[in-house]
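Working notes, structure below.
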Amino acid sequence: MNFHIVTFGCQMNANDSDWLARALIERGFTPTGPEDADVVILNTCSVREKPELKVYSELGRIKRFLDERPGAFAAVGGCVAQQIGAGFFGRFPFVRLVFGTDGTAHAPRAIERLLQERDLRISLIDFTAAYPERDPALDTAPAPGAQAFVTIMQGCDNYCAYCIVPYTRGRQKSRAAAAVLAECRRLVELGARQITLLGQNVNSYGLDKHGDGTTFAELLRGVAAIDGLDRLRFTTSHPKDIADEVIAAFGELPTLCPHLHLPLQSGSDRILKAMGRRYDMARYLSIVERLRAARPDIALGTDLIVGFPGETDADFEQTLDAMRTVRFESSFSFRYSDRPGTRAARLPVKVPEEVAADRLLRLQALQDGFTSEALAHMVGRDIAVLVEGPSKKSAPNIHGRAAATGGATSWRGHDPYNHVVNVVCAASGDRTGTTVRAHVREAKKHSLLATER
Ligand code: SF4
């Protein structure tokens, strides 16, 4: 039997899809294109605009493939599945499975059953009481590569005013530390050199009633101590919950990369309060100061929302001021849009679209300057690049000319600061999954060019 997965949204969804693929391969399924699939799985996201429409349009696209294969069907998972649930069955009869994030663990078994019982439909959208542990699905499936992601918790308790996640992923449920550590060890044994710990708010790991008493700082130390692991990262980090021990870890754990994504969202205390973020600029800046004291070269990234209901020009200017103060190396910035069911959607004073669009352009122009500055600062330095694969742009040329250029090849990866690096290596041979020492020659708009040392 064949399967095809289409993934929308965040890294947690990508990680869920990756697990689903491995679990299906373990059960004897083969990954294919949608035209040959017996089951097409859409792993959906409702964080961005018009998520349902995107899913409906994708279902329309894959229907023609499913129609041509007797018994083939679609499965819809993730946040939109959680919201619409069994509603998919009426509107799209070829959808025979819906599953929320807590139902992912049972999806492979449900798919097997649905292939046997063609009149059946299954809905797995109930939230579970504890973290729904999944079987490791690593025995015969392909190794995940040099970088791996490990989910340490599910859901979120914060109810930020604009965010749908607590409704689609449920309340926070921490995973047992022993299970996290076992998965990390296993991945390192299989060849992973970098692990990224994932959660909606990793800093509150262990603080919910499902925690086993292990704090996030303790978990970090446990993972960092695994033999053979070169790099450790984590995301996402809520500023209100970051502990002093986690800040200190950046100065103490050699494997913990000097990069942190710390969502600010707004530089205005008034808007932060309306967003329900439960920190103010003074607290945020004190975290930045302590992080830089612990690890002076730490690279900081952030998320920013413009045009939150009630945001004035003065509020927006404070966001720009905050960016100038912190000088983020990177940011993901978004124009606010209502998510039905959230508190912010009910706020009466909306920012006109053209005003929000203009603010977003100004913010992104400012960010481009800081990003360029940070990349230019790297030129002339020696760095370690964990290679993820061939360089996208230059690979066909360079690889095609490999013989004529004495076997030089170009590879793409990241340095410890999370910069994208394209590195030209003198010798041929696959460098994927290895760490290459490289000298930075040039800064591009969003990446670095380097040559192997
Ligand atoms: S911390 Fe806030 S923004 Fe992040 S997932 Fe939770 S509710 Fe959403």
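Residues are referred to by chain and number: the chain letter is A, B, ... according to the order shown in the structure tokens, the number counts from 1 in that chain, and ligands are numbered separately from 1 in the order shown.
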Near-segment 165-182 of chain A list (7 Å; only C-alpha atoms; drop same-chain fewer than 4 positions) as a list in words:
Cys79, Gln82, Gln83, Thr101, Phe127, Ala130, Tyr131, Ile152, Met153, Gln154, Gly155, Cys156, Asp157, Tyr159, Arg186, Tyr205, Gly206, Asp208, His210, Gly211, Asp212, Thr214, Leu219 and Val223 of chain A
Compute the set of protein, DNA and RNA residues whose minimum atom distance to ligand 1 is at most 12 Å, using only C-alpha atoms and all ligand atoms, and state it as an MDAnalysis selection string.
chainID A and resid 10 12 46:47 153:172 198:204 235:241 262:265 272 275:279 303:305 339 342:344
Atom CA of Ala23 of chain A to atom CA of Val76 of chain A, straight-line distance in Å:
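Between atom CA of Val76 of chain A and atom CA of Ala23 of chain A the gap works out to 16.6 Å.
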Considering only C-alpha atoms, return as a list in words whatever protein or nucleic-acid residues lie within 12 Å of Glu189 of chain A, sequence-local ones (same chain, fewer than 2 positions apart) excluded.
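Listing them by chain and then by number gives Leu138, Asp139, Ala143, Pro144, Gly145, Ala146, Ala148, Ala182, Glu183, Cys184, Arg185, Arg186, Leu187, Gly191, Ala192, Arg193, Gln194, Ile226, Asp227, Gly228 and Leu229 of chain A.
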Since we have the selection now, will you write its residues out, keeping N, CA and C atoms, as a short mmCIF file (atom, residue, chain, number, x, y, z; two decimals), in the first residue's frame?
data_model
loop_
_atom_site.label_atom_id
_atom_site.label_comp_id
_atom_site.auth_asym_id
_atom_site.auth_seq_id
_atom_site.Cartn_x
_atom_site.Cartn_y
_atom_site.Cartn_z
N LEU A 138 10.97 3.65 14.63
CA LEU A 138 12.30 3.90 14.09
C LEU A 138 13.03 2.62 13.70
N ASP A 139 12.43 1.48 13.94
CA ASP A 139 13.18 0.24 13.79
C ASP A 139 13.62 -0.04 12.35
N ALA A 143 16.51 6.38 8.77
CA ALA A 143 16.99 7.28 9.82
C ALA A 143 16.59 8.71 9.46
N PRO A 144 16.33 9.54 10.46
CA PRO A 144 15.79 10.87 10.18
C PRO A 144 16.81 11.86 9.65
N GLY A 145 18.07 11.50 9.55
CA GLY A 145 19.06 12.44 9.04
C GLY A 145 19.84 13.09 10.17
N ALA A 146 20.74 14.01 9.77
CA ALA A 146 21.65 14.58 10.76
C ALA A 146 20.94 15.48 11.75
N ALA A 148 17.39 16.23 13.81
CA ALA A 148 16.14 15.59 14.17
C ALA A 148 15.37 16.51 15.13
N ALA A 182 14.96 8.99 25.92
CA ALA A 182 15.12 7.72 25.18
C ALA A 182 15.05 7.99 23.68
N GLU A 183 14.10 8.86 23.26
CA GLU A 183 13.98 9.16 21.83
C GLU A 183 15.24 9.88 21.33
N CYS A 184 15.74 10.81 22.12
CA CYS A 184 16.95 11.55 21.71
C CYS A 184 18.14 10.59 21.57
N ARG A 185 18.31 9.70 22.55
CA ARG A 185 19.44 8.75 22.49
C ARG A 185 19.33 7.89 21.23
N ARG A 186 18.12 7.44 20.97
CA ARG A 186 17.88 6.58 19.81
C ARG A 186 18.23 7.30 18.51
N LEU A 187 17.81 8.58 18.42
CA LEU A 187 18.08 9.35 17.22
C LEU A 187 19.58 9.57 17.03
N GLY A 191 22.26 8.36 13.98
CA GLY A 191 23.06 9.28 13.17
C GLY A 191 22.72 10.75 13.32
N ALA A 192 21.69 11.09 14.12
CA ALA A 192 21.37 12.51 14.30
C ALA A 192 22.52 13.22 15.01
N ARG A 193 22.91 14.39 14.50
CA ARG A 193 23.98 15.17 15.13
C ARG A 193 23.42 16.41 15.82
N GLN A 194 22.22 16.80 15.40
CA GLN A 194 21.57 17.96 16.01
C GLN A 194 20.15 17.57 16.40
N ILE A 226 24.07 13.70 26.12
CA ILE A 226 24.08 12.47 25.30
C ILE A 226 25.34 12.42 24.45
N ASP A 227 26.06 11.33 24.55
CA ASP A 227 27.30 11.13 23.79
C ASP A 227 27.02 11.12 22.30
N GLY A 228 27.79 11.88 21.55
CA GLY A 228 27.63 11.87 20.09
C GLY A 228 26.75 12.99 19.57
N LEU A 229 26.06 13.70 20.47
CA LEU A 229 25.23 14.82 20.03
C LEU A 229 26.11 16.07 19.91
#
With a distance cut-off of 6 Å and only C-alpha atoms, select the neighbouring residues of Phe328 of chain A, excluding the residue or stretch itself and same-chain residues fewer than 2 positions from it, and output the selection as a PDB file with N, CA and C atoms, in the first residue's frame.
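The resulting out_24.pdb:
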ATOM      1  N   LEU A 300      19.817  36.348  18.215  1.00  0.00           N
ATOM      2  CA  LEU A 300      18.414  36.354  18.640  1.00  0.00           C
ATOM      3  C   LEU A 300      17.481  36.558  17.455  1.00  0.00           C
ATOM      4  N   GLY A 301      16.430  35.761  17.427  1.00  0.00           N
ATOM      5  CA  GLY A 301      15.379  35.926  16.418  1.00  0.00           C
ATOM      6  C   GLY A 301      14.055  36.130  17.139  1.00  0.00           C
ATOM      7  N   VAL A 326      17.181  45.733  20.413  1.00  0.00           N
ATOM      8  CA  VAL A 326      17.661  44.342  20.501  1.00  0.00           C
ATOM      9  C   VAL A 326      18.510  43.968  19.282  1.00  0.00           C
ATOM     10  N   SER A 330      17.021  37.956  12.980  1.00  0.00           N
ATOM     11  CA  SER A 330      15.972  37.499  12.063  1.00  0.00           C
ATOM     12  C   SER A 330      14.632  37.688  12.739  1.00  0.00           C
TER      13      SER A 330
END
Do a neighbour search on Asn15 of chain A at 8 Å with only C-alpha atoms, toss out local chain neighbours closer than 3 positions, and write the hits as an MDAnalysis selection string.
chainID A and resid 11:12 18:19 149:151
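The strand (DSSP E or B) portion of segment 278-355 of chain A consists of A:Ala299, A:Leu300, A:Gly301, A:Thr302, A:Asp303, A:Leu304, A:Ile305, A:Val306, A:Ser330, A:Ser331, A:Phe332, A:Ser333, A:Phe334, A:Arg335, with states taken from DSSP on the backbone.
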Skipping near chain neighbours, those fewer than 5 positions away, what residues fall within 6 Å of Tyr336 of chain A using only C-alpha atoms, listed as a list in words?
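Residues meeting the cut-off are Ile305, Val306, Gly307 and Phe308 of chain A.
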Hey, can you check how far atom CA of Arg270 of chain A sits from atom CA of Phe316 of chain A?
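Pair atom CA of Arg270 of chain A / atom CA of Phe316 of chain A returns 10.9 Å.
One distance worth recording is that between atom CA of Arg233 of chain A and atom CA of Pro132 of chain A, which is 23.0 Å.
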Running DSSP on the backbone, which parts of segment 165-199 of chain A land in alpha helix (DSSP H), as a ChimeraX atom specification?
/A:165-168,177-189
Please write the residues from the selection above to a file, keeping C-alpha atoms, as a JSON list (two decimals), in the first residue's frame.
[["chain", "number", "residue", "atom", "x", "y", "z"],
["A", 165, "VAL", "CA", -3.53, 26.92, 19.34],
["A", 166, "PRO", "CA", -4.99, 26.22, 22.82],
["A", 167, "TYR", "CA", -8.32, 25.44, 21.11],
["A", 168, "THR", "CA", -6.88, 23.23, 18.37],
["A", 177, "ALA", "CA", 11.48, 13.17, 30.54],
["A", 178, "ALA", "CA", 12.50, 9.50, 30.29],
["A", 179, "ALA", "CA", 10.59, 9.16, 26.99],
["A", 180, "VAL", "CA", 12.16, 12.35, 25.60],
["A", 181, "LEU", "CA", 15.66, 11.22, 26.58],
["A", 182, "ALA", "CA", 15.12, 7.72, 25.18],
["A", 183, "GLU", "CA", 13.98, 9.16, 21.83],
["A", 184, "CYS", "CA", 16.95, 11.55, 21.71],
["A", 185, "ARG", "CA", 19.44, 8.75, 22.49],
["A", 186, "ARG", "CA", 17.88, 6.58, 19.81],
["A", 187, "LEU", "CA", 18.08, 9.35, 17.22],
["A", 188, "VAL", "CA", 21.74, 10.01, 18.02],
["A", 189, "GLU", "CA", 22.45, 6.27, 17.68]]
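Of the residues listed (A:Glu329, A:Glu26, A:Glu58, A:Glu452), A:Glu329 shows the shortest atom-to-atom separation from Leu366 of chain A; distances use only C-alpha atoms.
Within the 6 Å cut-off around Val424 of chain A, using only C-alpha atoms and omitting residues fewer than 2 positions from it on the same chain, the listed residues are Thr409, Ser410 and Thr451 of chain A.
Proximity ranking of A:Asn418, A:Thr434, A:Thr255, A:Ser428 relative to Leu386 of chain A places A:Thr434 first, based on only C-alpha atoms.
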